[in-house]
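**Q** My questions all concern the structure below.
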Amino acid sequence: MVPEEGMGVRIGLLGYGTVGRILLQRLLSDDLEPCQVVAVAGRPDESSRLELGALGIAYTSHPPDLLEHDLDLVVEAASQSAVRDWAELLLQQGISLVVLSAGALADEAFRSRVEVAAAAGRSYVYLPPGAVGGVDALKAAAMGKLRSVRLTTTKLAGALGAGGDITDPQTVFQGSAGEAARVLPQNMNVAAILGMAGIGAEHTEVQVVVDPGIAVNMHRVEAEGDFGRLEVVVRNRPCPANPRTSYLAVLSAVALLKGLQQRIRVGI
Ligand SMILES: NC(=O)c1ccc[n+]([C@@H]2O[C@H](COP(=O)([O-])OP(=O)(O)OC[C@H]3O[C@@H](n4cnc5c(N)ncnc54)[C@H](O)[C@@H]3O)[C@@H](O)[C@H]2O)c1
């Protein structure tokens, strides 16, 4: 999607929590002109409605209302269920979607429906890499023979409901990315993205470790194929308002929106 010369990009947000609020601040700042947030859909919340109203931004608790605002793009930063409930409707109406809750697209049947809706509306779904590194390299590697992709996510003790009393690192999940997205939906957006970028969710191995000895959440990606070997580790600082959300995920959405306006685009 390339905005027409001199035209702004009319943006809606679906979800007004940690990511949505930081994104809005960035979008209101000059460095993301000509992106303009015109409407936000979130849970019923009078204070958000008043706060956004003062900025000239409409607030609704009924996401289909977003269709009334002649939007080019909606950034979803809500939940996987929001993606399941509203993605097809928005895409069919020609509104492209940036999806943060990527785990929703790990379900192949749903992903196919989303593709059909986007084709019907001539719209696009963009998946920023979020809290993980190496997605570009993985996509390139998958153009040759890619034999294995493995994600090891290490979380702080107390994450995922694991007892805060553990003293040694413990593996709390081991299986495919597809299974991880189903069993640990809140935490496995990253696994779903790697699955889509590489060899598919069912062939992508995932291990989740809870470690009382680490200070930040960590994602290690390893892949092996004809290209050679890939190893990328990201030690993520959390957003203060939501320790489950890595700051890099927000920055990745900002970078994606910025990239849409650039004539020279770095990365694939
Ligand atoms: N891809 C990644 O690497 C990555 C990283 C961080 C967060 N995420 C995902 O992004 C999403 C947002 O994260 P966050 O930290 O901002 O979460 P958050 O809980 O702080 O905020 C989400 C907001 O969306 C609202 N919401 C949820 N479902 C909704 C619906 N159906 N309609 C309207 N509003 C709805 C919630 O009430 C909340 O206000 C989550 O699904 C999270 O898993 C992805």
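For the structure tokens, the naming scheme is as follows: chains receive sequential letters (A, B, ...) according to their order of presentation, residues are indexed from 1 within each chain, and ligands are indexed from 1 in presentation order.
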Please report as JSON lines every residue of chain A lying within 7 Å of ligand 1, along with the nearest atom pair and their distance in Å (one decimal), using only C-alpha atoms and all ligand atoms.
**A**
{"residue": "A:Leu14", "atom": "CA", "partner": "ligand 1", "partner_atom_place_in_ligand_line": "33 (C)", "distance": 6.0}
{"residue": "A:Gly15", "atom": "CA", "partner": "ligand 1", "partner_atom_place_in_ligand_line": "24 (O)", "distance": 3.5}
{"residue": "A:Tyr16", "atom": "CA", "partner": "ligand 1", "partner_atom_place_in_ligand_line": "39 (O)", "distance": 4.8}
{"residue": "A:Gly17", "atom": "CA", "partner": "ligand 1", "partner_atom_place_in_ligand_line": "21 (O)", "distance": 3.2}
{"residue": "A:Thr18", "atom": "CA", "partner": "ligand 1", "partner_atom_place_in_ligand_line": "16 (O)", "distance": 3.7}
{"residue": "A:Val19", "atom": "CA", "partner": "ligand 1", "partner_atom_place_in_ligand_line": "16 (O)", "distance": 3.7}
{"residue": "A:Gly20", "atom": "CA", "partner": "ligand 1", "partner_atom_place_in_ligand_line": "16 (O)", "distance": 5.6}
{"residue": "A:Ala41", "atom": "CA", "partner": "ligand 1", "partner_atom_place_in_ligand_line": "33 (C)", "distance": 5.6}
{"residue": "A:Gly42", "atom": "CA", "partner": "ligand 1", "partner_atom_place_in_ligand_line": "34 (N)", "distance": 3.6}
{"residue": "A:Arg43", "atom": "CA", "partner": "ligand 1", "partner_atom_place_in_ligand_line": "34 (N)", "distance": 4.6}
{"residue": "A:Ser61", "atom": "CA", "partner": "ligand 1", "partner_atom_place_in_ligand_line": "33 (C)", "distance": 6.3}
{"residue": "A:Pro63", "atom": "CA", "partner": "ligand 1", "partner_atom_place_in_ligand_line": "32 (N)", "distance": 6.5}
{"residue": "A:Ala77", "atom": "CA", "partner": "ligand 1", "partner_atom_place_in_ligand_line": "12 (C)", "distance": 4.0}
{"residue": "A:Ala78", "atom": "CA", "partner": "ligand 1", "partner_atom_place_in_ligand_line": "24 (O)", "distance": 3.4}
{"residue": "A:Ser79", "atom": "CA", "partner": "ligand 1", "partner_atom_place_in_ligand_line": "41 (O)", "distance": 3.5}
{"residue": "A:Gln80", "atom": "CA", "partner": "ligand 1", "partner_atom_place_in_ligand_line": "41 (O)", "distance": 5.5}
{"residue": "A:Ser81", "atom": "CA", "partner": "ligand 1", "partner_atom_place_in_ligand_line": "31 (N)", "distance": 5.9}
{"residue": "A:Ala82", "atom": "CA", "partner": "ligand 1", "partner_atom_place_in_ligand_line": "31 (N)", "distance": 3.8}
{"residue": "A:Leu100", "atom": "CA", "partner": "ligand 1", "partner_atom_place_in_ligand_line": "1 (N)", "distance": 4.5}
{"residue": "A:Ser101", "atom": "CA", "partner": "ligand 1", "partner_atom_place_in_ligand_line": "41 (O)", "distance": 4.2}
{"residue": "A:Ala102", "atom": "CA", "partner": "ligand 1", "partner_atom_place_in_ligand_line": "1 (N)", "distance": 5.7}
{"residue": "A:Pro128", "atom": "CA", "partner": "ligand 1", "partner_atom_place_in_ligand_line": "1 (N)", "distance": 6.8}
{"residue": "A:Pro129", "atom": "CA", "partner": "ligand 1", "partner_atom_place_in_ligand_line": "1 (N)", "distance": 6.3}
{"residue": "A:Gly130", "atom": "CA", "partner": "ligand 1", "partner_atom_place_in_ligand_line": "3 (O)", "distance": 3.4}
{"residue": "A:Ala131", "atom": "CA", "partner": "ligand 1", "partner_atom_place_in_ligand_line": "3 (O)", "distance": 4.0}
{"residue": "A:Val132", "atom": "CA", "partner": "ligand 1", "partner_atom_place_in_ligand_line": "3 (O)", "distance": 6.5}
{"residue": "A:Gln186", "atom": "CA", "partner": "ligand 1", "partner_atom_place_in_ligand_line": "43 (O)", "distance": 5.0}
{"residue": "A:Asn187", "atom": "CA", "partner": "ligand 1", "partner_atom_place_in_ligand_line": "43 (O)", "distance": 6.2}
{"residue": "A:Asn189", "atom": "CA", "partner": "ligand 1", "partner_atom_place_in_ligand_line": "1 (N)", "distance": 4.9}
{"residue": "A:Val190", "atom": "CA", "partner": "ligand 1", "partner_atom_place_in_ligand_line": "3 (O)", "distance": 5.2}
{"residue": "A:Asn242", "atom": "CA", "partner": "ligand 1", "partner_atom_place_in_ligand_line": "15 (O)", "distance": 5.7}
{"residue": "A:Arg244", "atom": "CA", "partner": "ligand 1", "partner_atom_place_in_ligand_line": "15 (O)", "distance": 6.7}
{"residue": "A:Thr245", "atom": "CA", "partner": "ligand 1", "partner_atom_place_in_ligand_line": "6 (C)", "distance": 4.2}
{"residue": "A:Ser246", "atom": "CA", "partner": "ligand 1", "partner_atom_place_in_ligand_line": "6 (C)", "distance": 5.6}
{"residue": "A:Ala249", "atom": "CA", "partner": "ligand 1", "partner_atom_place_in_ligand_line": "5 (C)", "distance": 4.6}
**Q** Can you list every residue in region 76-146 of chain A that DSSP puts in strand (DSSP E or B), as a list in words?
**A**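 Those residues are Glu76, Ser96, Leu97, Val98, Val99, Val125, Tyr126 and Leu146 of chain A.
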**Q** For the contact check between region 15-35 of chain A and region 260-265 of chain A, emit one row per residue of region 15-35 of chain A within 9 Å, containing the shortest atom pair and the distance in Å rounded to one decimal, counting only C-alpha atoms, chain then rising number order, as a Markdown table.
**A**
| residue | atom | partner | partner_atom | distance |
| --- | --- | --- | --- | --- |
| A:Leu32 | CA | A:Gln261 | CA | 8.8 |
| A:Glu33 | CA | A:Gln261 | CA | 8.9 |
| A:Pro34 | CA | A:Gln261 | CA | 8.1 |
| A:Cys35 | CA | A:Gln261 | CA | 8.8 |
**Q** What gap, in Å, lies between CA of Ala191 (chain A) and CA of Asp168 (chain A)?
**A** 23.9 Å
**Q** Any idea what's packed within 7 Å of region 207-218 of chain A, counting only C-alpha atoms, ignoring anything in its chain fewer than 2 positions away? Could you give it as a list in words?
**A** Leu151, Thr152, Thr153, Thr154, Lys155, Leu156, Ala157, Ile166, Thr167, Asp168, Pro169, Gln170, Thr171, Val172, Phe173, Gln174, Gly175, Glu205, Arg220, Val233, Val234, Arg235, Asn236 and Arg237 of chain A
**Q** Apply DSSP to the structure's backbone, then extract all residues of region 32-191 of chain A labelled alpha helix (DSSP H) and return them as a ChimeraX atom specification.
**A** /A:46-53,80-92,108-121,135-141,177-183,189-191
**Q** Measuring atom to atom with only C-alpha atoms, identify which of A:Ile193, A:Leu257, A:Ala177, A:Ala140 is nearest to Phe227 (chain A).
**A**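 Once distances to Phe227 (chain A) are computed over only C-alpha atoms, the minimum belongs to A:Ala140.
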**Q** I'd like the contact shell of Met188 (chain A) - 7 Å cut-off, only C-alpha atoms, skipping same-chain residues fewer than 6 positions apart - returned as a list in words.
**A**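 Once the adjacent positions are removed, what remains is Gly103, Ala180 and Ala181 of chain A.
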**Q** So what do you get for CA of Ala201 (chain A) versus CA of His219 (chain A), distance-wise?
**A**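 Answer for the CA of Ala201 (chain A) to CA of His219 (chain A) separation: 16.4 Å.
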**Q** For Ser123 (chain A), work out the shell of residues within 8 Å, counting only C-alpha atoms and skipping chain neighbours fewer than 2 positions away, then give it as a VMD selection string.
**A** chain A and resid 91 to 92 94 to 97 118 to 121 125
**Q** Could you check how far CA of Asp45 (chain A) sits from CA of Ala253 (chain A), in Å to one decimal?
**A**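 Atom-to-atom, CA of Asp45 (chain A) to CA of Ala253 (chain A), that is 24.2 Å.
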**Q** Nearest residue to Val37 (chain A) out of A:Ala87, A:Val250, A:Leu73, A:Leu146, using only C-alpha atoms?
**A**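 Result for the nearest residue to Val37 (chain A): A:Leu73.
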**Q** Considering only C-alpha atoms, can you say which of A:Val114, A:Ala141, A:Tyr126, A:Glu76 comes closest to Gly259 (chain A)?
**A**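 Using only C-alpha atoms, the shortest distance to Gly259 (chain A) belongs to A:Tyr126.
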